[in-house]
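Student: Below is the file input.cif, with mmCIF, C-alpha atoms.
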data_structure
#
loop_
_atom_site.label_atom_id
_atom_site.label_comp_id
_atom_site.auth_asym_id
_atom_site.auth_seq_id
_atom_site.Cartn_x
_atom_site.Cartn_y
_atom_site.Cartn_z
CA MET A 1131 -48.10 -16.38 -31.57
CA ALA A 1132 -46.07 -15.76 -34.69
CA SER A 1133 -47.28 -12.16 -34.78
CA GLN A 1134 -46.32 -11.59 -31.12
CA SER A 1135 -42.86 -13.11 -31.74
CA ILE A 1136 -42.24 -10.80 -34.70
CA ASN A 1137 -43.40 -7.74 -32.73
CA SER A 1138 -41.14 -8.72 -29.83
CA SER A 1139 -38.17 -9.08 -32.15
CA ILE A 1140 -38.84 -5.68 -33.71
CA THR A 1141 -39.08 -4.12 -30.24
CA LYS A 1142 -35.75 -5.64 -29.19
CA VAL A 1143 -34.03 -4.47 -32.37
CA GLY A 1144 -35.45 -0.97 -31.89
CA THR A 1145 -34.27 -0.87 -28.30
CA LEU A 1146 -30.81 -2.08 -29.29
CA PHE A 1147 -30.58 0.55 -32.04
CA TRP A 1148 -31.68 3.29 -29.60
CA CYS A 1149 -29.11 2.27 -27.01
CA THR A 1150 -26.37 2.04 -29.62
CA SER A 1151 -27.25 5.53 -30.84
CA LEU A 1152 -26.93 6.91 -27.33
CA LEU A 1153 -23.53 5.26 -26.93
CA LEU A 1154 -22.30 6.64 -30.23
CA VAL A 1155 -23.51 10.16 -29.45
CA GLY A 1156 -21.75 10.00 -26.11
CA TRP A 1157 -18.58 8.39 -27.45
CA PHE A 1158 -17.81 10.47 -30.55
CA PRO A 1159 -17.44 13.86 -28.84
CA THR A 1160 -15.05 12.27 -26.35
CA SER A 1161 -13.09 10.73 -29.19
CA ILE A 1162 -12.93 13.99 -31.13
CA ASN A 1163 -11.93 15.94 -28.01
CA GLY A 1164 -9.28 13.33 -27.33
CA ILE A 1165 -7.83 13.77 -30.80
CA THR A 1166 -7.89 17.56 -30.37
CA ILE A 1167 -6.16 17.35 -26.99
CA LYS A 1168 -3.53 15.00 -28.36
CA GLY A 1169 -2.85 17.32 -31.32
CA HIS A 1170 -2.79 20.33 -28.99
CA GLU A 1171 -0.14 18.63 -26.84
CA SER A 1172 1.88 17.70 -29.92
CA ASP A 1173 1.92 21.36 -30.99
CA ARG A 1174 3.00 22.42 -27.49
CA GLU A 1175 5.88 19.95 -27.45
CA ALA A 1176 7.02 21.09 -30.90
CA LEU A 1177 7.05 24.75 -29.87
CA LEU A 1178 8.96 24.01 -26.68
CA ALA A 1179 11.52 22.14 -28.77
CA ILE A 1180 11.80 25.19 -31.05
CA LYS A 1181 12.21 27.42 -27.99
CA SER A 1182 15.00 25.19 -26.64
CA GLN A 1183 17.12 25.91 -29.71
CA ILE A 1184 16.69 29.69 -29.58
CA ASP A 1185 19.77 31.03 -27.81
CA LEU A 1186 19.08 34.74 -28.31
CA ASP A 1187 15.80 36.35 -27.30
CA PRO A 1188 16.47 39.90 -26.04
CA LEU A 1189 12.83 40.95 -26.36
CA GLY A 1190 11.56 37.98 -24.35
CA VAL A 1191 9.30 36.80 -27.16
CA THR A 1192 9.27 33.19 -25.99
CA SER A 1193 8.83 34.06 -22.32
CA THR A 1194 5.10 33.35 -22.72
CA TRP A 1195 5.86 29.89 -24.06
CA ASN A 1196 5.20 28.04 -20.81
CA ASN A 1197 2.52 25.98 -19.09
CA SER A 1198 1.02 28.97 -17.27
CA VAL A 1199 -0.16 30.54 -20.52
CA ALA A 1200 -2.72 28.96 -22.85
CA LEU A 1201 -1.00 27.65 -25.98
CA CYS A 1202 -2.99 29.78 -28.41
CA GLN A 1203 -2.00 32.89 -26.45
CA TRP A 1204 1.73 32.35 -26.84
CA GLN A 1205 3.36 35.26 -28.60
CA GLY A 1206 3.83 34.74 -32.32
CA ILE A 1207 1.27 31.93 -32.45
CA THR A 1208 -2.11 31.83 -34.19
CA CYS A 1209 -4.53 28.92 -33.83
CA GLY A 1210 -7.38 27.83 -36.04
CA ARG A 1211 -10.82 28.67 -34.64
CA ARG A 1212 -12.37 25.27 -35.12
CA HIS A 1213 -9.67 22.81 -34.10
CA GLN A 1214 -7.42 25.12 -32.02
CA ARG A 1215 -4.32 23.79 -33.77
CA ILE A 1216 -1.44 26.10 -34.65
CA THR A 1217 -1.81 27.48 -38.18
CA LYS A 1218 0.63 30.41 -38.06
CA LEU A 1219 4.12 30.89 -36.63
CA ASP A 1220 5.21 34.51 -36.96
CA LEU A 1221 8.45 35.43 -35.16
CA SER A 1222 9.56 38.08 -37.64
CA HIS A 1223 11.57 41.17 -36.58
CA GLN A 1224 12.19 39.87 -33.04
CA GLN A 1225 16.03 39.85 -32.88
CA LEU A 1226 15.97 36.10 -32.28
CA GLY A 1227 19.01 33.89 -32.76
CA GLY A 1228 19.59 30.17 -32.83
CA THR A 1229 18.84 27.19 -35.03
CA LEU A 1230 15.41 26.13 -36.21
CA SER A 1231 14.42 22.86 -34.57
CA PRO A 1232 13.42 19.94 -36.82
CA HIS A 1233 10.34 19.68 -34.59
CA VAL A 1234 8.82 22.48 -36.64
CA GLY A 1235 7.83 19.65 -38.96
CA ASN A 1236 5.47 18.34 -36.27
CA LEU A 1237 3.23 21.43 -36.46
CA SER A 1238 1.09 19.63 -38.99
CA PHE A 1239 -1.59 22.33 -39.34
CA LEU A 1240 0.85 25.14 -40.13
CA ARG A 1241 0.00 27.28 -43.13
CA PHE A 1242 2.33 30.21 -42.49
CA ILE A 1243 5.91 30.49 -41.21
CA ASN A 1244 7.58 33.88 -41.00
CA LEU A 1245 11.03 34.16 -39.39
CA GLN A 1246 12.34 37.11 -41.39
CA ASN A 1247 14.78 39.68 -40.02
CA ASN A 1248 16.30 37.62 -37.23
CA SER A 1249 19.63 35.84 -36.72
CA PHE A 1250 18.69 32.22 -37.26
CA TYR A 1251 21.54 30.07 -38.54
CA GLY A 1252 22.15 26.43 -39.41
CA VAL A 1253 20.24 24.53 -42.06
CA ILE A 1254 16.64 24.83 -43.15
CA PRO A 1255 15.16 21.68 -41.56
CA PRO A 1256 14.13 19.11 -44.18
CA GLU A 1257 11.30 18.20 -41.81
CA ILE A 1258 9.44 21.29 -43.06
CA GLY A 1259 8.59 19.04 -45.99
CA ARG A 1260 6.07 17.27 -43.74
CA LEU A 1261 3.89 20.38 -43.65
CA SER A 1262 1.45 19.57 -46.43
CA ARG A 1263 -0.78 22.55 -45.57
CA LEU A 1264 2.06 25.11 -45.68
CA GLU A 1265 1.40 28.06 -47.99
CA SER A 1266 4.06 30.60 -46.97
CA LEU A 1267 7.68 30.02 -45.90
CA ILE A 1268 9.46 33.32 -45.24
CA LEU A 1269 13.04 33.09 -43.97
CA LYS A 1270 14.65 36.19 -45.48
CA ASN A 1271 17.37 38.24 -43.76
CA ASN A 1272 18.81 35.54 -41.54
CA SER A 1273 21.99 33.44 -41.68
CA PHE A 1274 20.55 30.12 -42.78
CA GLY A 1275 23.14 27.98 -44.55
CA GLY A 1276 23.23 24.60 -46.21
CA THR A 1277 21.15 23.74 -49.23
CA ILE A 1278 17.50 24.17 -50.12
CA PRO A 1279 15.82 20.98 -48.84
CA ALA A 1280 14.49 18.86 -51.69
CA ASN A 1281 11.73 17.80 -49.26
CA LEU A 1282 10.08 21.20 -49.70
CA SER A 1283 8.58 19.62 -52.80
CA HIS A 1284 6.15 17.81 -50.50
CA CYS A 1285 4.65 21.15 -49.43
CA SER A 1286 2.23 20.91 -52.33
CA ASN A 1287 0.24 23.99 -51.26
CA LEU A 1288 3.25 26.29 -51.03
CA ILE A 1289 2.55 29.67 -52.61
CA GLN A 1290 5.63 31.61 -51.58
CA PHE A 1291 9.17 30.59 -50.69
CA ILE A 1292 11.14 33.66 -49.64
CA SER A 1293 14.66 33.09 -48.31
CA MET A 1294 16.60 36.02 -49.72
CA ARG A 1295 19.72 37.30 -47.95
CA ASN A 1296 20.94 34.16 -46.26
CA ASN A 1297 23.98 31.92 -46.82
CA ILE A 1298 22.30 29.14 -48.78
CA VAL A 1299 24.53 27.14 -51.11
CA GLY A 1300 24.15 24.45 -53.77
CA THR A 1301 21.70 24.31 -56.65
CA ILE A 1302 17.95 24.70 -56.88
CA PRO A 1303 16.59 21.17 -56.33
CA ALA A 1304 14.80 19.72 -59.33
CA GLU A 1305 12.14 18.41 -56.95
CA LEU A 1306 10.82 21.95 -56.47
CA GLY A 1307 9.26 21.55 -59.89
CA ASN A 1308 6.42 19.78 -58.07
CA LEU A 1309 5.35 23.03 -56.39
CA LEU A 1310 2.63 23.74 -58.92
CA LYS A 1311 0.97 26.46 -56.82
CA LEU A 1312 4.14 28.50 -56.30
CA GLU A 1313 3.73 32.20 -57.05
CA LYS A 1314 6.80 33.80 -55.45
CA LEU A 1315 10.32 32.39 -55.50
CA HIS A 1316 12.71 34.80 -53.78
CA ILE A 1317 16.14 33.24 -53.23
CA ASP A 1318 18.30 36.20 -54.20
CA HIS A 1319 21.44 37.30 -52.34
CA ASN A 1320 22.66 33.83 -51.41
CA ASN A 1321 25.51 31.62 -52.66
CA LEU A 1322 23.55 29.41 -55.02
CA THR A 1323 25.22 27.92 -58.07
CA GLY A 1324 24.44 25.96 -61.21
CA GLN A 1325 22.22 26.70 -64.17
CA LEU A 1326 18.59 27.72 -64.16
CA PRO A 1327 16.47 24.60 -63.70
CA THR A 1328 14.23 23.91 -66.67
CA PHE A 1329 11.24 23.20 -64.42
CA LEU A 1330 10.78 26.93 -63.73
CA GLY A 1331 9.08 27.27 -67.09
CA ASN A 1332 6.55 24.59 -66.10
CA ILE A 1333 5.20 26.32 -62.99
CA SER A 1334 2.53 28.42 -64.68
CA THR A 1335 1.49 30.10 -61.41
CA LEU A 1336 4.85 31.90 -60.97
CA GLN A 1337 4.52 35.67 -60.65
CA GLU A 1338 7.85 36.68 -59.12
CA ILE A 1339 11.30 35.12 -59.60
CA TYR A 1340 14.19 36.76 -57.71
CA LEU A 1341 17.59 35.13 -58.21
CA THR A 1342 19.77 38.27 -58.05
CA GLU A 1343 23.31 38.13 -56.67
CA ASN A 1344 24.08 34.44 -56.66
CA ASN A 1345 26.54 32.45 -58.73
CA PHE A 1346 24.26 31.07 -61.42
CA HIS A 1347 25.70 30.60 -64.89
CA GLY A 1348 24.81 29.36 -68.34
CA ARG A 1349 22.15 30.53 -70.76
CA LEU A 1350 18.79 32.01 -69.86
CA LEU A 1351 15.81 29.73 -70.33
CA ASP A 1352 13.59 30.50 -73.27
CA THR A 1353 10.80 28.61 -71.46
CA LEU A 1354 10.51 31.40 -68.88
CA GLY A 1355 8.81 33.34 -71.63
CA VAL A 1356 5.74 31.11 -71.43
CA LEU A 1357 4.97 32.22 -67.87
CA LYS A 1358 1.96 34.40 -68.66
CA ARG A 1359 1.46 35.53 -65.05
CA LEU A 1360 5.05 36.60 -64.50
CA VAL A 1361 5.29 40.15 -63.15
CA LYS A 1362 8.88 40.39 -61.88
CA LEU A 1363 11.98 38.59 -63.14
CA SER A 1364 15.24 39.55 -61.44
CA LEU A 1365 18.40 37.71 -62.50
CA GLU A 1366 20.97 40.45 -61.92
CA LEU A 1367 24.56 40.01 -60.74
CA ASN A 1368 25.12 36.41 -61.80
CA ASN A 1369 27.20 34.89 -64.59
CA PHE A 1370 24.57 34.32 -67.26
CA SER A 1371 25.78 34.47 -70.84
CA GLY A 1372 24.43 34.27 -74.37
CA LEU A 1373 21.42 36.05 -75.83
CA ILE A 1374 18.37 37.32 -74.03
CA PRO A 1375 15.62 34.91 -75.18
CA PRO A 1376 13.14 36.63 -77.54
CA SER A 1377 10.30 35.07 -75.52
CA PHE A 1378 11.16 37.39 -72.61
CA TYR A 1379 9.89 40.32 -74.65
CA ASN A 1380 6.50 38.71 -75.13
CA ILE A 1381 5.54 38.44 -71.44
CA SER A 1382 2.91 41.19 -71.54
CA SER A 1383 2.30 40.96 -67.78
CA LEU A 1384 5.95 41.79 -67.00
CA GLU A 1385 6.52 44.92 -64.90
CA GLY A 1386 10.14 44.42 -63.89
CA LEU A 1387 12.99 42.81 -65.85
CA GLY A 1388 16.41 42.84 -64.21
CA LEU A 1389 19.30 41.27 -66.13
CA GLY A 1390 22.15 43.63 -65.26
CA GLY A 1391 25.60 42.50 -64.19
CA ASN A 1392 25.87 39.39 -66.35
CA GLN A 1393 27.62 38.53 -69.61
CA LEU A 1394 24.68 38.76 -71.97
CA SER A 1395 25.18 39.71 -75.60
CA GLY A 1396 23.12 40.59 -78.65
CA SER A 1397 20.81 43.54 -79.24
CA LEU A 1398 17.42 44.75 -78.00
CA PRO A 1399 14.39 44.13 -80.27
CA VAL A 1400 12.93 47.13 -82.07
CA THR A 1401 9.47 46.31 -80.63
CA LEU A 1402 10.63 46.33 -77.00
CA GLY A 1403 8.45 49.27 -75.94
CA SER A 1404 5.34 47.84 -77.56
CA THR A 1405 5.39 44.20 -76.50
CA LEU A 1406 5.90 44.98 -72.80
CA PRO A 1407 3.09 47.48 -72.11
CA ASN A 1408 3.30 47.17 -68.30
CA LEU A 1409 7.08 47.58 -68.04
CA ARG A 1410 8.19 49.78 -65.14
CA ILE A 1411 11.74 48.59 -64.54
CA PHE A 1412 14.19 47.55 -67.25
CA VAL A 1413 17.78 46.91 -66.14
CA VAL A 1414 20.37 45.40 -68.47
CA ALA A 1415 23.39 47.46 -67.37
CA ALA A 1416 26.89 45.93 -67.25
CA ASN A 1417 26.55 43.32 -69.99
CA ASN A 1418 27.91 42.99 -73.54
CA LEU A 1419 24.84 44.23 -75.41
CA SER A 1420 25.20 46.24 -78.60
CA GLY A 1421 23.18 47.91 -81.35
CA THR A 1422 20.84 50.86 -80.95
CA LEU A 1423 18.23 51.60 -78.32
CA PRO A 1424 14.79 50.93 -79.83
CA GLU A 1425 12.64 54.00 -80.45
CA SER A 1426 9.58 51.98 -79.44
CA LEU A 1427 10.57 52.64 -75.83
CA SER A 1428 8.71 55.93 -76.27
CA ASN A 1429 5.56 53.80 -76.00
CA ALA A 1430 6.52 52.42 -72.60
CA SER A 1431 4.45 54.98 -70.74
CA LYS A 1432 4.81 53.25 -67.37
CA LEU A 1433 8.60 53.08 -67.48
CA GLU A 1434 10.19 54.42 -64.29
CA ARG A 1435 13.68 52.94 -64.27
CA PHE A 1436 15.80 52.30 -67.35
CA GLU A 1437 19.43 51.24 -66.96
CA VAL A 1438 21.54 50.24 -69.94
CA SER A 1439 24.96 51.66 -69.02
CA ARG A 1440 28.26 49.75 -69.41
CA ASN A 1441 27.27 48.03 -72.63
CA HIS A 1442 28.25 48.72 -76.25
CA PHE A 1443 25.20 50.54 -77.55
CA SER A 1444 25.70 53.04 -80.37
CA GLY A 1445 23.75 55.45 -82.51
CA LYS A 1446 21.48 58.37 -81.72
CA VAL A 1447 19.04 58.16 -78.84
CA SER A 1448 15.75 59.57 -80.09
CA ILE A 1449 13.38 58.39 -77.40
CA ASN A 1450 10.89 60.36 -75.33
CA PHE A 1451 11.28 58.65 -71.98
CA GLN A 1452 8.74 60.89 -70.22
CA ASN A 1453 9.00 59.89 -66.52
CA ALA A 1454 11.86 57.41 -66.93
CA LYS A 1455 15.11 57.80 -65.04
CA ILE A 1456 17.55 57.37 -67.90
CA CYS A 1457 20.96 55.78 -67.57
CA HIS A 1458 22.37 54.63 -70.91
CA GLY A 1459 25.76 54.03 -72.49
#
Could the structure of this file be written out as structure tokens, please?
Tutor:
Amino acid sequence: MASQSINSSITKVGTLFWCTSLLLVGWFPTSINGITIKGHESDREALLAIKSQIDLDPLGVTSTWNNSVALCQWQGITCGRRHQRITKLDLSHQQLGGTLSPHVGNLSFLRFINLQNNSFYGVIPPEIGRLSRLESLILKNNSFGGTIPANLSHCSNLIQFISMRNNIVGTIPAELGNLLKLEKLHIDHNNLTGQLPTFLGNISTLQEIYLTENNFHGRLLDTLGVLKRLVKLSLELNNFSGLIPPSFYNISSLEGLGLGGNQLSGSLPVTLGSTLPNLRIFVVAANNLSGTLPESLSNASKLERFEVSRNHFSGKVSINFQNAKICHG
């Protein structure tokens, strides 16, 4: 009797486990599909909100953004293969005008935003800071105003922030120092002010820094010289003063150094042509530099552009520039 009771109990438990397994197998796909459908609808609503704030669309780019066309077939949209959520929003070169809706922050799977060469205006929505997966934010050649949102610091995977040629004002938020994967920072040709933030020297991944033609002032940061991956540093047409930090001349990866149109003083190091073996562009024109031009520049075999005019250099120029386009004074 005891043996039969035990066997009966085992049979019941086995049956219960089998039935539960069937229920789980049947329930989970429905649950997952439900989550996918809900996310899909959220993306649709966000895009329609973005469309509603576009007041200029001469090429009819957003004409496909309607319920008769599948979401992932809307122009300018790319979806992920697995989850069919929007991962890319590319509306570049489309002659669009309007403001960028805060609902862009609801496209939670976005990795890439490219709105370059349009006529967007208004502020950069702080809600973009919700996009934790975002890797590229390209807004250049528009009319965006306001300040750089400090919330961008929450985009911890951001690799490039490119917003050159807009009307952005204010300073570079200190919070951007948390973007430890940032490789390209292009915010030139705006109306930014203040001094260079010290955090720039702490983002070891930086390869390109473009701050040309703003209203920055103060001394250049010696800590920029520790950026061993830096390839291009463009700080032209600002109000920087003081000496060029010696550490700048030790960035062996550097290909372009643009410091022209500031108020920099001092002289160029005699080893300039040897310590920057990859240098292609060297622009220090329109400053207050003095001394002689270092003969070591003859070793800069990759040099293509060399501008030192409108300074106070003196002495004989005995340099074989080879392929360089010389402009000196």
Student: Just how far from atom CA of A:Glu1265 is atom CA of A:Ile1302, in Å to one decimal?
Tutor: 19.1 Å
Student: How close does each residue of stretch 1279-1389 of chain A get to stretch 1228-1238 of chain A, giving the shortest atom pair and distance in Å to one decimal for every residue with an atom at most 12 Å away, counting only C-alpha atoms, sorted by chain and residue number, as a Markdown table?
Tutor:
| residue | atom | partner | partner_atom | distance |
| --- | --- | --- | --- | --- |
| A:Asn1281 | CA | A:Gly1235 | CA | 11.2 |
| A:Leu1282 | CA | A:Gly1235 | CA | 11.1 |
| A:His1284 | CA | A:Gly1235 | CA | 11.8 |
| A:Cys1285 | CA | A:Gly1235 | CA | 11.0 |
Student: Looking at A:Leu1201, A:Ser1383, A:Asn1247, A:His1223, which one is nearest to A:Leu1178, with distances taken over all atoms listed in the file?
Tutor: A:Leu1201
Student: Rounded to one decimal place, report the atom CA of A:Ile1449-atom CA of A:Gly1372 distance in Å.
Tutor: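 So the answer is 26.7 Å.
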Student: I'd like to know which of A:Ile1411, A:Leu1341, A:Leu1394, A:Leu1406 is closest to A:Leu1365, using only C-alpha atoms.
Tutor: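 So, comparing all the options, the nearest one is A:Leu1341.
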Student: Starting from 6 Å padding per side, set up an axis-aligned box that covers all listed atoms of stretch 1283-1294 of chain A and hand over centre and edge lengths in Å, one decimal, as JSON.
Tutor:
{"center_x": 8.4, "center_y": 26.9, "center_z": -50.6, "size_x": 28.4, "size_y": 30.2, "size_z": 16.5}
Student: Need to verify the contact set: A:Leu1221, 8 Å, all atoms listed in the file, exclusion of same-chain residues closer than 4 positions in sequence. Can you return it as a list in words?
Tutor: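 Answer for this query is Gly1206, Asn1244, Leu1245 and Gln1246 of chain A.
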Student: Report as a ChimeraX atom specification the full result of the PyMOL selection byres ((chain A and resi 1445) around 12) when it is applied to this structure.
Tutor: /A:1420-1425,1442-1444,1446-1449,1458-1459
Student: At what distance in Å, to one decimal, does atom CA of A:Gly1275 lie from atom CA of A:Phe1291?
Tutor: 15.5 Å
Student: Show which residues sit within 10 Å of stretch 1214-1216 of chain A, as a short mmCIF file (atom, residue, chain, number, x, y, z; two decimals) with C-alpha atoms, keeping the file's coordinate frame. Count all atoms listed in the file, and ignore same-chain residues fewer than 2 positions away.
Tutor:
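As a result, out-v2.cif now contains:
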data_model
loop_
_atom_site.label_atom_id
_atom_site.label_comp_id
_atom_site.auth_asym_id
_atom_site.auth_seq_id
_atom_site.Cartn_x
_atom_site.Cartn_y
_atom_site.Cartn_z
CA THR A 1166 -7.89 17.56 -30.37
CA ILE A 1167 -6.16 17.35 -26.99
CA GLY A 1169 -2.85 17.32 -31.32
CA HIS A 1170 -2.79 20.33 -28.99
CA GLU A 1171 -0.14 18.63 -26.84
CA SER A 1172 1.88 17.70 -29.92
CA ASP A 1173 1.92 21.36 -30.99
CA ARG A 1174 3.00 22.42 -27.49
CA LEU A 1177 7.05 24.75 -29.87
CA LEU A 1201 -1.00 27.65 -25.98
CA CYS A 1202 -2.99 29.78 -28.41
CA ILE A 1207 1.27 31.93 -32.45
CA THR A 1208 -2.11 31.83 -34.19
CA CYS A 1209 -4.53 28.92 -33.83
CA GLY A 1210 -7.38 27.83 -36.04
CA ARG A 1211 -10.82 28.67 -34.64
CA ARG A 1212 -12.37 25.27 -35.12
CA LYS A 1218 0.63 30.41 -38.06
CA LEU A 1219 4.12 30.89 -36.63
CA LEU A 1237 3.23 21.43 -36.46
CA SER A 1238 1.09 19.63 -38.99
CA PHE A 1239 -1.59 22.33 -39.34
CA LEU A 1240 0.85 25.14 -40.13
CA ARG A 1241 0.00 27.28 -43.13
CA PHE A 1242 2.33 30.21 -42.49
#
Student: For each of A:Gly1324, A:Ser1334, A:Asn1441, A:Leu1367, take the minimum atom-to-atom distance to A:His1347, counting all atoms listed in the file, then give the residue where this is smallest.
Tutor: A:Gly1324
Student: Please identify all polymer residues within 7 Å of A:Leu1336, counting only C-alpha atoms, omitting same-chain residues fewer than 4 positions from it, and present them as an MDAnalysis selection string.
Tutor: chainID A and resid 1312:1314 1357 1359:1360
Student: Just want the 10 Å neighbourhood of A:Ser1286, counted on all atoms listed in the file, with same-chain residues fewer than 3 positions away dropped. Output as a list in words.
Tutor: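 Residues near the query, excluding close chain neighbours: Gly1259, Leu1261, Ser1262, Arg1263, Leu1264, Glu1265, Leu1282, Ser1283, Ile1289, Leu1306, Asn1308, Leu1309, Leu1310, Lys1311 and Leu1312 of chain A.
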Student: Generate a file of the selected residues that holds C-alpha atoms, formatted as a PDB file, in the coordinates of the input.
Tutor:
ATOM      1  CA  GLY A1259       8.590  19.040 -45.990  1.00  0.00           C
ATOM      2  CA  LEU A1261       3.890  20.380 -43.650  1.00  0.00           C
ATOM      3  CA  SER A1262       1.450  19.570 -46.430  1.00  0.00           C
ATOM      4  CA  ARG A1263      -0.780  22.550 -45.570  1.00  0.00           C
ATOM      5  CA  LEU A1264       2.060  25.110 -45.680  1.00  0.00           C
ATOM      6  CA  GLU A1265       1.400  28.060 -47.990  1.00  0.00           C
ATOM      7  CA  LEU A1282      10.080  21.200 -49.700  1.00  0.00           C
ATOM      8  CA  SER A1283       8.580  19.620 -52.800  1.00  0.00           C
ATOM      9  CA  ILE A1289       2.550  29.670 -52.610  1.00  0.00           C
ATOM     10  CA  LEU A1306      10.820  21.950 -56.470  1.00  0.00           C
ATOM     11  CA  ASN A1308       6.420  19.780 -58.070  1.00  0.00           C
ATOM     12  CA  LEU A1309       5.350  23.030 -56.390  1.00  0.00           C
ATOM     13  CA  LEU A1310       2.630  23.740 -58.920  1.00  0.00           C
ATOM     14  CA  LYS A1311       0.970  26.460 -56.820  1.00  0.00           C
ATOM     15  CA  LEU A1312       4.140  28.500 -56.300  1.00  0.00           C
TER      16      LEU A1312
END
Student: For the file shown, what are the residues hit by the PyMOL selection byres ((chain A and resi 1412) around 9), laid out as a list in words?
Tutor: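 Checked against the file, the PyMOL selection byres ((chain A and resi 1412) around 9) matches Glu1385, Gly1386, Leu1387, Gly1388, Leu1389, Leu1409, Arg1410, Ile1411, Val1413, Val1414, Leu1433, Glu1434, Arg1435, Phe1436, Glu1437 and Val1438 of chain A.
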Student: Give the answer as one residue: which of A:Ile1278, A:Ile1374, A:Ile1339, A:Ile1268 has the shortest atom-to-atom distance to A:Pro1256, using all atoms listed in the file?
Tutor: A:Ile1278
